[in-house]
Amino acid sequence: MTAKIMDVDLSIDTSKQLAKQVMDYCEQLAEFTQTIGIMDRRYLTPEHRETNDQLTRWAAESGLEHWQDLAGNQWVRLTSANENAKRIILGSHTDTVPNGGKYDGILGVVAPLVLLKWLAELGKQFEFHIDVVGFGDEEGTRFGATLLGSSAIAGKWQSRWRELKDEDGITLAQAMYDFGLDVSKISETQIDSSKVLAYLEAHIEQGPILEEKGLPISAVQGISGARRFEITIEGHAGHAGTVPMILRADPLVVASQWVTDVSRMAAQTSESTHPVVATVGKLEVSPGAVNVIPGGVSLTLDIRSISNDARDSLTETLFGMLEESASENGLVLKVFQTHDASSVVCDAGLTDRLKSIVDDLTGDPTVLVSGAGHDAMAMADIVPTTMMFVRCEGGISHHPDESIQQDDVSVALTALYQFINSQ
């Protein structure tokens with residue numbers, strides 16, 4: 001299929017050539033890692049700087065406008081002939097998790113950048129500016145708070161973040177200073193939402209559905225809201241051989257039963273209109289000796305759904321069951337919520353437009369829900385927002401085995417072209 005923008009035809013051969021360039025750029029950026037031998041690039045580090053500098057060099061090669069904002073996000077622009085024109089924004093993040101992959105986030109920066117380079121070299125302009133943004137922090141792996149770059153853009157920066165510290169005790173404010181930024185000016189990063197037509201984030205799926213369906217891309221209808229909890233259950237430690245079973249206050253037994261309940265009850269929602277996923281990802285037992293009855297258990301719960309109501313209803317039910325079980329067994333239960341993010345529904349008009357494009361390209365109008373968080377969550381608060389997923393092998397992400405196919409990137413590039421042309 002040939003995509004046409006203005007008077008420019010994007011042939012299959014050209015899209016494949018551009019896809020190869022995208023793959024090559026991803027490989028080059030993977031060299032910017034703070035830990036030798038693994039992919040590890042964090043916010044406001046020298047490797048973040050190197051990545052921004054490389055994006056700048058690629059932009060300058062094609063005469064594209066470029067700048068770094070006051071939060072350390074990197075921007076590239078194909079300017080409109082009308083200086084006061086509105087803009088569309090395409091982008092994602094440039095940071096990674098420790099020992100992560102080459103494509104999570106960075107694909108959504110590099111793919112539209114390659115498109116803009118090609119259009120610029122052809123001398124094309126539009127009635128709107130086309131911006132590509134590489135957000136400096138989405139993962140939160142350095143300072144513990146996520147979506148720092150996009151939150152600054154959206155005017156959602158929290159003043160308390162300046163005191164956050166990394167594992168070396170460096171505050172976020174100090175890290176920004178070392179990077180050449182001034183945290184006191186962070187509010188100046190906020191964009192004028194009235195001048196933005198759309199934000200589109202292309203991202204690897206981070207799940208297995210597209211691979212199972214044999215599809216290269218899909219539209220995304222929304223992003224699940226997540227709540228996270230730290231839970232402690234306190235009982236009484238004792239000798240494993242001398243305390244009778246009926247006299248024990250063993251928190252591990254109660255915790256184990258509840259972990260099973262979490263999995264079972266979340267699975268029961270799988271066929272509902274708004275399924276919920278729930279995970280106990282961490283469980284620690286103290287004192288942790290083979291011949292000692294556990295005296296305390298700490299565990300976590302991560303629970304998500306595109307429906308806040310469905311998620312919260314199951315959360316309430318699960319904790320009601322845990323409270324009852326703890327009380328019946330003479331245990332002390334403590335629950336602390338560590339994270340609460342509402343779900344995000346993508347802009348219906350943009351998503352329908354993208355869905356139609358995907359259907360034309362693939363013959364399948366599949367629309368997915370993202371179970372992972374994205375910068376689109378912050379952007380959706382201020383501008384019309386949607387997302388596109390690209391198939392990743394095995395649904396693997398946040399891992400060195402993260403892998404995508406060049407042919408899928410070619411299809412994604414064509415979809416991005418058609419999305420731009422549909423504005």
# chains A, B, ... in the order shown; residues from 1 in each chain; ligands from 1
call {"tool": "select_by_dssp", "arguments": {"residues": "region 121-319 of chain A", "states": "helix (DSSP H, G or I)", "output": "PyMOL selection string"}}
result
chain A and resi 121+148-153+159-163+172-178+183-189+193-195+209-213+245-247+251-267+308-319
call {"tool": "residues_around", "arguments": {"residues": "Gly91 (chain A)", "least_positions_apart": "6", "cutoff": "6 Å", "atoms": "only C-alpha atoms", "output": "VMD selection string"}}
result
chain A and resid 108 to 109 132 to 134 201
call {"tool": "residues_around", "arguments": {"residues": "region 143-155 of chain A", "least_positions_apart": "3", "cutoff": "9 Å", "atoms": "only C-alpha atoms", "output": "PyMOL selection string"}}
result
chain A and resi 43+70-73+93+134-140+158+161+164-167+171-172+186-193+373-383
call {"tool": "residues_around", "arguments": {"residues": "region 388-400 of chain A", "least_positions_apart": "2", "cutoff": "8 Å", "atoms": "only C-alpha atoms", "output": "PDB file with all heavy atoms, in the first residue's frame"}}
result
ATOM      1  N   ILE A  38      24.704  -3.818  29.693  1.00  0.00           N
ATOM      2  CA  ILE A  38      23.237  -3.865  29.755  1.00  0.00           C
ATOM      3  C   ILE A  38      22.675  -2.509  29.342  1.00  0.00           C
ATOM      4  O   ILE A  38      23.380  -1.507  29.321  1.00  0.00           O
ATOM      5  CB  ILE A  38      22.707  -4.240  31.155  1.00  0.00           C
ATOM      6  CG1 ILE A  38      23.053  -3.142  32.179  1.00  0.00           C
ATOM      7  CG2 ILE A  38      23.236  -5.591  31.597  1.00  0.00           C
ATOM      8  CD1 ILE A  38      22.402  -3.366  33.532  1.00  0.00           C
ATOM      9  N   MET A  39      21.381  -2.493  29.011  1.00  0.00           N
ATOM     10  CA  MET A  39      20.711  -1.254  28.656  1.00  0.00           C
ATOM     11  C   MET A  39      20.249  -0.578  29.944  1.00  0.00           C
ATOM     12  O   MET A  39      19.409  -1.107  30.669  1.00  0.00           O
ATOM     13  CB  MET A  39      19.512  -1.577  27.754  1.00  0.00           C
ATOM     14  CG  MET A  39      18.824  -0.385  27.125  1.00  0.00           C
ATOM     15  SD  MET A  39      19.798   0.435  25.863  1.00  0.00           S
ATOM     16  CE  MET A  39      20.438   1.825  26.775  1.00  0.00           C
ATOM     17  N   THR A  96      15.363   4.308  30.233  1.00  0.00           N
ATOM     18  CA  THR A  96      15.079   2.868  30.303  1.00  0.00           C
ATOM     19  C   THR A  96      15.090   2.405  31.756  1.00  0.00           C
ATOM     20  O   THR A  96      15.549   3.125  32.648  1.00  0.00           O
ATOM     21  CB  THR A  96      16.146   2.040  29.540  1.00  0.00           C
ATOM     22  OG1 THR A  96      17.356   1.977  30.315  1.00  0.00           O
ATOM     23  CG2 THR A  96      16.453   2.638  28.179  1.00  0.00           C
ATOM     24  N   VAL A  97      14.612   1.197  31.956  1.00  0.00           N
ATOM     25  CA  VAL A  97      14.812   0.542  33.243  1.00  0.00           C
ATOM     26  C   VAL A  97      16.198  -0.090  33.232  1.00  0.00           C
ATOM     27  O   VAL A  97      16.771  -0.331  32.166  1.00  0.00           O
ATOM     28  CB  VAL A  97      13.749  -0.544  33.503  1.00  0.00           C
ATOM     29  CG1 VAL A  97      12.373   0.067  33.582  1.00  0.00           C
ATOM     30  CG2 VAL A  97      13.802  -1.645  32.434  1.00  0.00           C
ATOM     31  N   ASN A  99      18.859  -2.797  32.926  1.00  0.00           N
ATOM     32  CA  ASN A  99      18.835  -4.080  32.213  1.00  0.00           C
ATOM     33  C   ASN A  99      17.572  -4.206  31.370  1.00  0.00           C
ATOM     34  O   ASN A  99      16.934  -5.254  31.311  1.00  0.00           O
ATOM     35  CB  ASN A  99      18.952  -5.260  33.181  1.00  0.00           C
ATOM     36  CG  ASN A  99      19.445  -6.517  32.477  1.00  0.00           C
ATOM     37  OD1 ASN A  99      20.172  -6.449  31.481  1.00  0.00           O
ATOM     38  ND2 ASN A  99      19.062  -7.670  32.986  1.00  0.00           N
ATOM     39  N   GLY A 100      17.215  -3.097  30.710  1.00  0.00           N
ATOM     40  CA  GLY A 100      16.026  -3.073  29.880  1.00  0.00           C
ATOM     41  C   GLY A 100      16.309  -3.405  28.437  1.00  0.00           C
ATOM     42  O   GLY A 100      17.311  -4.056  28.107  1.00  0.00           O
ATOM     43  N   GLY A 101      15.410  -2.964  27.547  1.00  0.00           N
ATOM     44  CA  GLY A 101      15.537  -3.254  26.125  1.00  0.00           C
ATOM     45  C   GLY A 101      15.836  -2.014  25.303  1.00  0.00           C
ATOM     46  O   GLY A 101      15.895  -0.894  25.827  1.00  0.00           O
ATOM     47  N   LYS A 102      15.970  -2.217  24.004  1.00  0.00           N
ATOM     48  CA  LYS A 102      16.382  -1.153  23.091  1.00  0.00           C
ATOM     49  C   LYS A 102      15.214  -0.361  22.508  1.00  0.00           C
ATOM     50  O   LYS A 102      15.445   0.673  21.871  1.00  0.00           O
ATOM     51  CB  LYS A 102      17.181  -1.742  21.923  1.00  0.00           C
ATOM     52  CG  LYS A 102      18.435  -2.487  22.309  1.00  0.00           C
ATOM     53  CD  LYS A 102      19.074  -3.129  21.080  1.00  0.00           C
ATOM     54  CE  LYS A 102      20.308  -3.935  21.451  1.00  0.00           C
ATOM     55  NZ  LYS A 102      20.891  -4.612  20.263  1.00  0.00           N
ATOM     56  N   ASP A 104      11.661  -0.015  24.035  1.00  0.00           N
ATOM     57  CA  ASP A 104      10.655   0.548  24.923  1.00  0.00           C
ATOM     58  C   ASP A 104      10.878   2.055  25.020  1.00  0.00           C
ATOM     59  O   ASP A 104      11.916   2.507  25.497  1.00  0.00           O
ATOM     60  CB  ASP A 104      10.773  -0.103  26.300  1.00  0.00           C
ATOM     61  CG  ASP A 104       9.821   0.469  27.329  1.00  0.00           C
ATOM     62  OD1 ASP A 104       9.052   1.396  27.010  1.00  0.00           O
ATOM     63  OD2 ASP A 104       9.853  -0.006  28.475  1.00  0.00           O
ATOM     64  N   LEU A 200       0.250  11.796  19.710  1.00  0.00           N
ATOM     65  CA  LEU A 200       0.233  10.368  19.406  1.00  0.00           C
ATOM     66  C   LEU A 200       1.527   9.745  19.901  1.00  0.00           C
ATOM     67  O   LEU A 200       2.619  10.208  19.563  1.00  0.00           O
ATOM     68  CB  LEU A 200       0.099  10.131  17.901  1.00  0.00           C
ATOM     69  CG  LEU A 200       0.337   8.686  17.422  1.00  0.00           C
ATOM     70  CD1 LEU A 200      -0.697   7.735  18.015  1.00  0.00           C
ATOM     71  CD2 LEU A 200       0.319   8.597  15.898  1.00  0.00           C
ATOM     72  N   GLU A 201       1.400   8.687  20.676  1.00  0.00           N
ATOM     73  CA  GLU A 201       2.563   7.954  21.167  1.00  0.00           C
ATOM     74  C   GLU A 201       2.574   6.550  20.572  1.00  0.00           C
ATOM     75  O   GLU A 201       1.662   5.752  20.815  1.00  0.00           O
ATOM     76  CB  GLU A 201       2.542   7.868  22.693  1.00  0.00           C
ATOM     77  CG  GLU A 201       3.751   7.159  23.269  1.00  0.00           C
ATOM     78  CD  GLU A 201       3.912   7.349  24.768  1.00  0.00           C
ATOM     79  OE1 GLU A 201       3.109   8.108  25.372  1.00  0.00           O
ATOM     80  OE2 GLU A 201       4.837   6.751  25.341  1.00  0.00           O
ATOM     81  N   ALA A 202       3.591   6.283  19.766  1.00  0.00           N
ATOM     82  CA  ALA A 202       3.809   4.929  19.263  1.00  0.00           C
ATOM     83  C   ALA A 202       4.708   4.198  20.253  1.00  0.00           C
ATOM     84  O   ALA A 202       5.709   4.756  20.718  1.00  0.00           O
ATOM     85  CB  ALA A 202       4.462   4.971  17.882  1.00  0.00           C
ATOM     86  N   HIS A 203       4.375   2.953  20.561  1.00  0.00           N
ATOM     87  CA  HIS A 203       5.103   2.226  21.607  1.00  0.00           C
ATOM     88  C   HIS A 203       5.013   0.735  21.328  1.00  0.00           C
ATOM     89  O   HIS A 203       4.014   0.261  20.781  1.00  0.00           O
ATOM     90  CB  HIS A 203       4.483   2.535  22.975  1.00  0.00           C
ATOM     91  CG  HIS A 203       5.392   2.319  24.133  1.00  0.00           C
ATOM     92  ND1 HIS A 203       5.698   1.067  24.625  1.00  0.00           N
ATOM     93  CD2 HIS A 203       6.068   3.203  24.900  1.00  0.00           C
ATOM     94  CE1 HIS A 203       6.520   1.191  25.656  1.00  0.00           C
ATOM     95  NE2 HIS A 203       6.753   2.474  25.853  1.00  0.00           N
ATOM     96  N   ILE A 204       6.030   0.001  21.701  1.00  0.00           N
ATOM     97  CA  ILE A 204       5.908  -1.455  21.604  1.00  0.00           C
ATOM     98  C   ILE A 204       4.790  -1.901  22.542  1.00  0.00           C
ATOM     99  O   ILE A 204       4.532  -1.270  23.574  1.00  0.00           O
ATOM    100  CB  ILE A 204       7.226  -2.170  21.949  1.00  0.00           C
ATOM    101  CG1 ILE A 204       7.687  -1.868  23.380  1.00  0.00           C
ATOM    102  CG2 ILE A 204       8.305  -1.828  20.940  1.00  0.00           C
ATOM    103  CD1 ILE A 204       8.866  -2.707  23.835  1.00  0.00           C
ATOM    104  N   GLU A 205       4.140  -3.001  22.168  1.00  0.00           N
ATOM    105  CA  GLU A 205       2.945  -3.401  22.918  1.00  0.00           C
ATOM    106  C   GLU A 205       3.247  -3.764  24.361  1.00  0.00           C
ATOM    107  O   GLU A 205       2.424  -3.537  25.241  1.00  0.00           O
ATOM    108  CB  GLU A 205       2.265  -4.586  22.231  1.00  0.00           C
ATOM    109  CG  GLU A 205       0.989  -5.016  22.933  1.00  0.00           C
ATOM    110  CD  GLU A 205       0.503  -6.399  22.524  1.00  0.00           C
ATOM    111  OE1 GLU A 205       1.097  -6.983  21.606  1.00  0.00           O
ATOM    112  OE2 GLU A 205      -0.468  -6.876  23.137  1.00  0.00           O
ATOM    113  N   GLN A 206       4.377  -4.395  24.636  1.00  0.00           N
ATOM    114  CA  GLN A 206       4.716  -4.906  25.962  1.00  0.00           C
ATOM    115  C   GLN A 206       3.746  -6.004  26.407  1.00  0.00           C
ATOM    116  O   GLN A 206       3.504  -6.199  27.600  1.00  0.00           O
ATOM    117  CB  GLN A 206       4.744  -3.773  27.002  1.00  0.00           C
ATOM    118  CG  GLN A 206       5.781  -2.694  26.702  1.00  0.00           C
ATOM    119  CD  GLN A 206       5.778  -1.573  27.705  1.00  0.00           C
ATOM    120  OE1 GLN A 206       4.941  -0.682  27.648  1.00  0.00           O
ATOM    121  NE2 GLN A 206       6.713  -1.593  28.639  1.00  0.00           N
ATOM    122  N   GLY A 207       3.193  -6.690  25.445  1.00  0.00           N
ATOM    123  CA  GLY A 207       2.268  -7.781  25.706  1.00  0.00           C
ATOM    124  C   GLY A 207       2.199  -8.683  24.490  1.00  0.00           C
ATOM    125  O   GLY A 207       2.741  -8.361  23.427  1.00  0.00           O
ATOM    126  N   PRO A 208       1.509  -9.821  24.590  1.00  0.00           N
ATOM    127  CA  PRO A 208       1.546 -10.845  23.543  1.00  0.00           C
ATOM    128  C   PRO A 208       0.386 -10.831  22.550  1.00  0.00           C
ATOM    129  O   PRO A 208       0.330 -11.673  21.652  1.00  0.00           O
ATOM    130  CB  PRO A 208       1.494 -12.137  24.351  1.00  0.00           C
ATOM    131  CG  PRO A 208       0.587 -11.777  25.511  1.00  0.00           C
ATOM    132  CD  PRO A 208       0.893 -10.328  25.832  1.00  0.00           C
ATOM    133  N   ILE A 209      -0.556  -9.893  22.674  1.00  0.00           N
ATOM    134  CA  ILE A 209      -1.794 -10.008  21.905  1.00  0.00           C
ATOM    135  C   ILE A 209      -1.572  -9.828  20.410  1.00  0.00           C
ATOM    136  O   ILE A 209      -2.094 -10.594  19.588  1.00  0.00           O
ATOM    137  CB  ILE A 209      -2.838  -9.008  22.422  1.00  0.00           C
ATOM    138  CG1 ILE A 209      -3.188  -9.333  23.883  1.00  0.00           C
ATOM    139  CG2 ILE A 209      -4.109  -9.060  21.568  1.00  0.00           C
ATOM    140  CD1 ILE A 209      -4.133  -8.349  24.525  1.00  0.00           C
ATOM    141  N   LEU A 210      -0.801  -8.820  20.005  1.00  0.00           N
ATOM    142  CA  LEU A 210      -0.567  -8.612  18.575  1.00  0.00           C
ATOM    143  C   LEU A 210       0.149  -9.809  17.961  1.00  0.00           C
ATOM    144  O   LEU A 210      -0.158 -10.223  16.841  1.00  0.00           O
ATOM    145  CB  LEU A 210       0.244  -7.329  18.343  1.00  0.00           C
ATOM    146  CG  LEU A 210      -0.496  -6.017  18.603  1.00  0.00           C
ATOM    147  CD1 LEU A 210       0.419  -4.825  18.348  1.00  0.00           C
ATOM    148  CD2 LEU A 210      -1.744  -5.914  17.735  1.00  0.00           C
ATOM    149  N   GLU A 211       1.098 -10.374  18.685  1.00  0.00           N
ATOM    150  CA  GLU A 211       1.786 -11.551  18.171  1.00  0.00           C
ATOM    151  C   GLU A 211       0.820 -12.728  18.041  1.00  0.00           C
ATOM    152  O   GLU A 211       0.856 -13.460  17.036  1.00  0.00           O
ATOM    153  CB  GLU A 211       2.959 -11.923  19.086  1.00  0.00           C
ATOM    154  CG  GLU A 211       3.834 -13.022  18.514  1.00  0.00           C
ATOM    155  CD  GLU A 211       5.088 -13.239  19.339  1.00  0.00           C
ATOM    156  OE1 GLU A 211       4.960 -13.684  20.497  1.00  0.00           O
ATOM    157  OE2 GLU A 211       6.188 -12.977  18.819  1.00  0.00           O
ATOM    158  N   LEU A 215      -0.616  -9.612  14.019  1.00  0.00           N
ATOM    159  CA  LEU A 215      -0.790  -8.237  13.561  1.00  0.00           C
ATOM    160  C   LEU A 215       0.444  -7.399  13.879  1.00  0.00           C
ATOM    161  O   LEU A 215       1.024  -7.531  14.964  1.00  0.00           O
ATOM    162  CB  LEU A 215      -2.003  -7.606  14.226  1.00  0.00           C
ATOM    163  CG  LEU A 215      -3.362  -8.234  13.902  1.00  0.00           C
ATOM    164  CD1 LEU A 215      -4.447  -7.612  14.777  1.00  0.00           C
ATOM    165  CD2 LEU A 215      -3.695  -8.052  12.425  1.00  0.00           C
ATOM    166  N   PRO A 216       0.832  -6.487  12.976  1.00  0.00           N
ATOM    167  CA  PRO A 216       2.017  -5.659  13.228  1.00  0.00           C
ATOM    168  C   PRO A 216       1.743  -4.470  14.141  1.00  0.00           C
ATOM    169  O   PRO A 216       2.622  -4.050  14.893  1.00  0.00           O
ATOM    170  CB  PRO A 216       2.418  -5.193  11.827  1.00  0.00           C
ATOM    171  CG  PRO A 216       1.138  -5.173  11.055  1.00  0.00           C
ATOM    172  CD  PRO A 216       0.331  -6.323  11.595  1.00  0.00           C
ATOM    173  N   ILE A 217       0.529  -3.907  14.065  1.00  0.00           N
ATOM    174  CA  ILE A 217       0.209  -2.701  14.837  1.00  0.00           C
ATOM    175  C   ILE A 217      -1.256  -2.731  15.267  1.00  0.00           C
ATOM    176  O   ILE A 217      -2.044  -3.519  14.748  1.00  0.00           O
ATOM    177  CB  ILE A 217       0.456  -1.406  14.027  1.00  0.00           C
ATOM    178  CG1 ILE A 217      -0.423  -1.379  12.764  1.00  0.00           C
ATOM    179  CG2 ILE A 217       1.935  -1.257  13.676  1.00  0.00           C
ATOM    180  CD1 ILE A 217      -0.372  -0.057  11.997  1.00  0.00           C
ATOM    181  N   SER A 218      -1.597  -1.850  16.194  1.00  0.00           N
ATOM    182  CA  SER A 218      -2.997  -1.663  16.576  1.00  0.00           C
ATOM    183  C   SER A 218      -3.170  -0.274  17.164  1.00  0.00           C
ATOM    184  O   SER A 218      -2.202   0.360  17.607  1.00  0.00           O
ATOM    185  CB  SER A 218      -3.443  -2.700  17.615  1.00  0.00           C
ATOM    186  OG  SER A 218      -2.893  -2.390  18.884  1.00  0.00           O
ATOM    187  N   ALA A 219      -4.399   0.194  17.164  1.00  0.00           N
ATOM    188  CA  ALA A 219      -4.743   1.397  17.910  1.00  0.00           C
ATOM    189  C   ALA A 219      -4.925   1.023  19.379  1.00  0.00           C
ATOM    190  O   ALA A 219      -5.085  -0.148  19.730  1.00  0.00           O
ATOM    191  CB  ALA A 219      -6.015   2.018  17.344  1.00  0.00           C
ATOM    192  N   VAL A 220      -4.896   2.013  20.243  1.00  0.00           N
ATOM    193  CA  VAL A 220      -5.043   1.814  21.687  1.00  0.00           C
ATOM    194  C   VAL A 220      -6.180   2.694  22.183  1.00  0.00           C
ATOM    195  O   VAL A 220      -6.213   3.897  21.897  1.00  0.00           O
ATOM    196  CB  VAL A 220      -3.738   2.164  22.430  1.00  0.00           C
ATOM    197  CG1 VAL A 220      -3.911   2.014  23.934  1.00  0.00           C
ATOM    198  CG2 VAL A 220      -2.591   1.286  21.931  1.00  0.00           C
ATOM    199  N   LEU A 354      -7.259   6.549  13.912  1.00  0.00           N
ATOM    200  CA  LEU A 354      -6.126   5.627  13.863  1.00  0.00           C
ATOM    201  C   LEU A 354      -6.603   4.194  13.630  1.00  0.00           C
ATOM    202  O   LEU A 354      -5.975   3.427  12.888  1.00  0.00           O
ATOM    203  CB  LEU A 354      -5.330   5.721  15.160  1.00  0.00           C
ATOM    204  CG  LEU A 354      -4.049   4.892  15.241  1.00  0.00           C
ATOM    205  CD1 LEU A 354      -3.074   5.263  14.127  1.00  0.00           C
ATOM    206  CD2 LEU A 354      -3.388   5.077  16.610  1.00  0.00           C
ATOM    207  N   THR A 386      -3.831   9.889  21.744  1.00  0.00           N
ATOM    208  CA  THR A 386      -4.053   8.483  21.439  1.00  0.00           C
ATOM    209  C   THR A 386      -2.713   7.780  21.351  1.00  0.00           C
ATOM    210  O   THR A 386      -1.651   8.406  21.452  1.00  0.00           O
ATOM    211  CB  THR A 386      -4.864   8.307  20.137  1.00  0.00           C
ATOM    212  OG1 THR A 386      -5.318   6.944  20.055  1.00  0.00           O
ATOM    213  CG2 THR A 386      -4.029   8.639  18.908  1.00  0.00           C
ATOM    214  N   GLU A 402      14.005  -7.877  24.532  1.00  0.00           N
ATOM    215  CA  GLU A 402      13.027  -7.046  23.828  1.00  0.00           C
ATOM    216  C   GLU A 402      13.381  -6.994  22.342  1.00  0.00           C
ATOM    217  O   GLU A 402      14.509  -6.682  21.978  1.00  0.00           O
ATOM    218  CB  GLU A 402      13.096  -5.645  24.433  1.00  0.00           C
ATOM    219  CG  GLU A 402      11.938  -4.741  24.167  1.00  0.00           C
ATOM    220  CD  GLU A 402      12.101  -3.465  24.988  1.00  0.00           C
ATOM    221  OE1 GLU A 402      11.630  -3.449  26.140  1.00  0.00           O
ATOM    222  OE2 GLU A 402      12.741  -2.515  24.508  1.00  0.00           O
ATOM    223  N   SER A 403      12.389  -7.299  21.472  1.00  0.00           N
ATOM    224  CA  SER A 403      12.707  -7.423  20.042  1.00  0.00           C
ATOM    225  C   SER A 403      11.502  -7.016  19.198  1.00  0.00           C
ATOM    226  O   SER A 403      10.357  -7.337  19.533  1.00  0.00           O
ATOM    227  CB  SER A 403      13.104  -8.865  19.713  1.00  0.00           C
ATOM    228  OG  SER A 403      13.388  -9.015  18.339  1.00  0.00           O
ATOM    229  N   ILE A 404      11.758  -6.285  18.118  1.00  0.00           N
ATOM    230  CA  ILE A 404      10.726  -5.923  17.152  1.00  0.00           C
ATOM    231  C   ILE A 404      11.226  -6.243  15.758  1.00  0.00           C
ATOM    232  O   ILE A 404      12.429  -6.464  15.544  1.00  0.00           O
ATOM    233  CB  ILE A 404      10.348  -4.425  17.242  1.00  0.00           C
ATOM    234  CG1 ILE A 404      11.576  -3.546  16.986  1.00  0.00           C
ATOM    235  CG2 ILE A 404       9.718  -4.120  18.586  1.00  0.00           C
ATOM    236  CD1 ILE A 404      11.260  -2.065  16.940  1.00  0.00           C
ATOM    237  N   GLN A 405      10.311  -6.273  14.776  1.00  0.00           N
ATOM    238  CA  GLN A 405      10.664  -6.623  13.411  1.00  0.00           C
ATOM    239  C   GLN A 405      10.654  -5.382  12.521  1.00  0.00           C
ATOM    240  O   GLN A 405       9.767  -4.525  12.628  1.00  0.00           O
ATOM    241  CB  GLN A 405       9.667  -7.653  12.857  1.00  0.00           C
ATOM    242  CG  GLN A 405       9.660  -8.964  13.626  1.00  0.00           C
ATOM    243  CD  GLN A 405      11.016  -9.654  13.609  1.00  0.00           C
ATOM    244  OE1 GLN A 405      11.649  -9.752  12.556  1.00  0.00           O
ATOM    245  NE2 GLN A 405      11.450 -10.122  14.776  1.00  0.00           N
ATOM    246  N   ASP A 408       7.455  -4.685  10.684  1.00  0.00           N
ATOM    247  CA  ASP A 408       6.404  -4.076  11.501  1.00  0.00           C
ATOM    248  C   ASP A 408       6.633  -2.576  11.645  1.00  0.00           C
ATOM    249  O   ASP A 408       5.677  -1.786  11.642  1.00  0.00           O
ATOM    250  CB  ASP A 408       6.374  -4.729  12.883  1.00  0.00           C
ATOM    251  CG  ASP A 408       5.895  -6.172  12.846  1.00  0.00           C
ATOM    252  OD1 ASP A 408       5.444  -6.628  11.776  1.00  0.00           O
ATOM    253  OD2 ASP A 408       5.985  -6.847  13.888  1.00  0.00           O
ATOM    254  N   VAL A 409       7.891  -2.195  11.767  1.00  0.00           N
ATOM    255  CA  VAL A 409       8.221  -0.770  11.850  1.00  0.00           C
ATOM    256  C   VAL A 409       7.820  -0.064  10.560  1.00  0.00           C
ATOM    257  O   VAL A 409       7.321   1.063  10.584  1.00  0.00           O
ATOM    258  CB  VAL A 409       9.711  -0.570  12.147  1.00  0.00           C
ATOM    259  CG1 VAL A 409      10.077   0.915  12.113  1.00  0.00           C
ATOM    260  CG2 VAL A 409      10.075  -1.163  13.503  1.00  0.00           C
ATOM    261  N   ALA A 412       4.210   0.576  10.759  1.00  0.00           N
ATOM    262  CA  ALA A 412       3.969   1.632  11.739  1.00  0.00           C
ATOM    263  C   ALA A 412       4.294   3.006  11.155  1.00  0.00           C
ATOM    264  O   ALA A 412       3.566   3.980  11.394  1.00  0.00           O
ATOM    265  CB  ALA A 412       4.797   1.385  12.997  1.00  0.00           C
TER     266      ALA A 412
END
call {"tool": "residues_around", "arguments": {"residues": "Asn329 (chain A)", "least_positions_apart": "3", "cutoff": "12 Å", "atoms": "only C-alpha atoms", "output": "PyMOL selection string"}}
result
chain A and resi 233-236+245-255+322-326+332-333
call {"tool": "closest_residue", "arguments": {"among": "A:Ala226, A:Leu10, A:Val76, A:Leu181", "to": "Gly371 (chain A)", "atoms": "only C-alpha atoms"}}
result
A:Ala226
call {"tool": "decode", "arguments": {"residues": "region 398-420 of chain A", "atoms": "C-alpha atoms", "output": "PDB file, in the first residue's frame"}}
result
ATOM      1  CA  HIS A 398      11.851  -4.210  30.176  1.00  0.00           C
ATOM      2  CA  HIS A 399      14.289  -7.003  29.327  1.00  0.00           C
ATOM      3  CA  PRO A 400      17.364  -7.419  27.100  1.00  0.00           C
ATOM      4  CA  ASP A 401      15.386  -9.832  24.881  1.00  0.00           C
ATOM      5  CA  GLU A 402      13.027  -7.046  23.828  1.00  0.00           C
ATOM      6  CA  SER A 403      12.707  -7.423  20.042  1.00  0.00           C
ATOM      7  CA  ILE A 404      10.726  -5.923  17.152  1.00  0.00           C
ATOM      8  CA  GLN A 405      10.664  -6.623  13.411  1.00  0.00           C
ATOM      9  CA  GLN A 406      11.748  -4.157  10.733  1.00  0.00           C
ATOM     10  CA  ASP A 407       8.710  -5.012   8.591  1.00  0.00           C
ATOM     11  CA  ASP A 408       6.404  -4.076  11.501  1.00  0.00           C
ATOM     12  CA  VAL A 409       8.221  -0.770  11.850  1.00  0.00           C
ATOM     13  CA  SER A 410       7.614  -0.169   8.142  1.00  0.00           C
ATOM     14  CA  VAL A 411       3.854  -0.609   8.669  1.00  0.00           C
ATOM     15  CA  ALA A 412       3.969   1.632  11.739  1.00  0.00           C
ATOM     16  CA  LEU A 413       5.731   4.363   9.746  1.00  0.00           C
ATOM     17  CA  THR A 414       3.023   4.205   7.087  1.00  0.00           C
ATOM     18  CA  ALA A 415       0.355   4.489   9.778  1.00  0.00           C
ATOM     19  CA  LEU A 416       2.104   7.522  11.254  1.00  0.00           C
ATOM     20  CA  TYR A 417       2.203   9.126   7.816  1.00  0.00           C
ATOM     21  CA  GLN A 418      -1.468   8.582   7.270  1.00  0.00           C
ATOM     22  CA  PHE A 419      -2.277   9.876  10.741  1.00  0.00           C
ATOM     23  CA  ILE A 420      -0.385  13.088  10.003  1.00  0.00           C
TER      24      ILE A 420
END
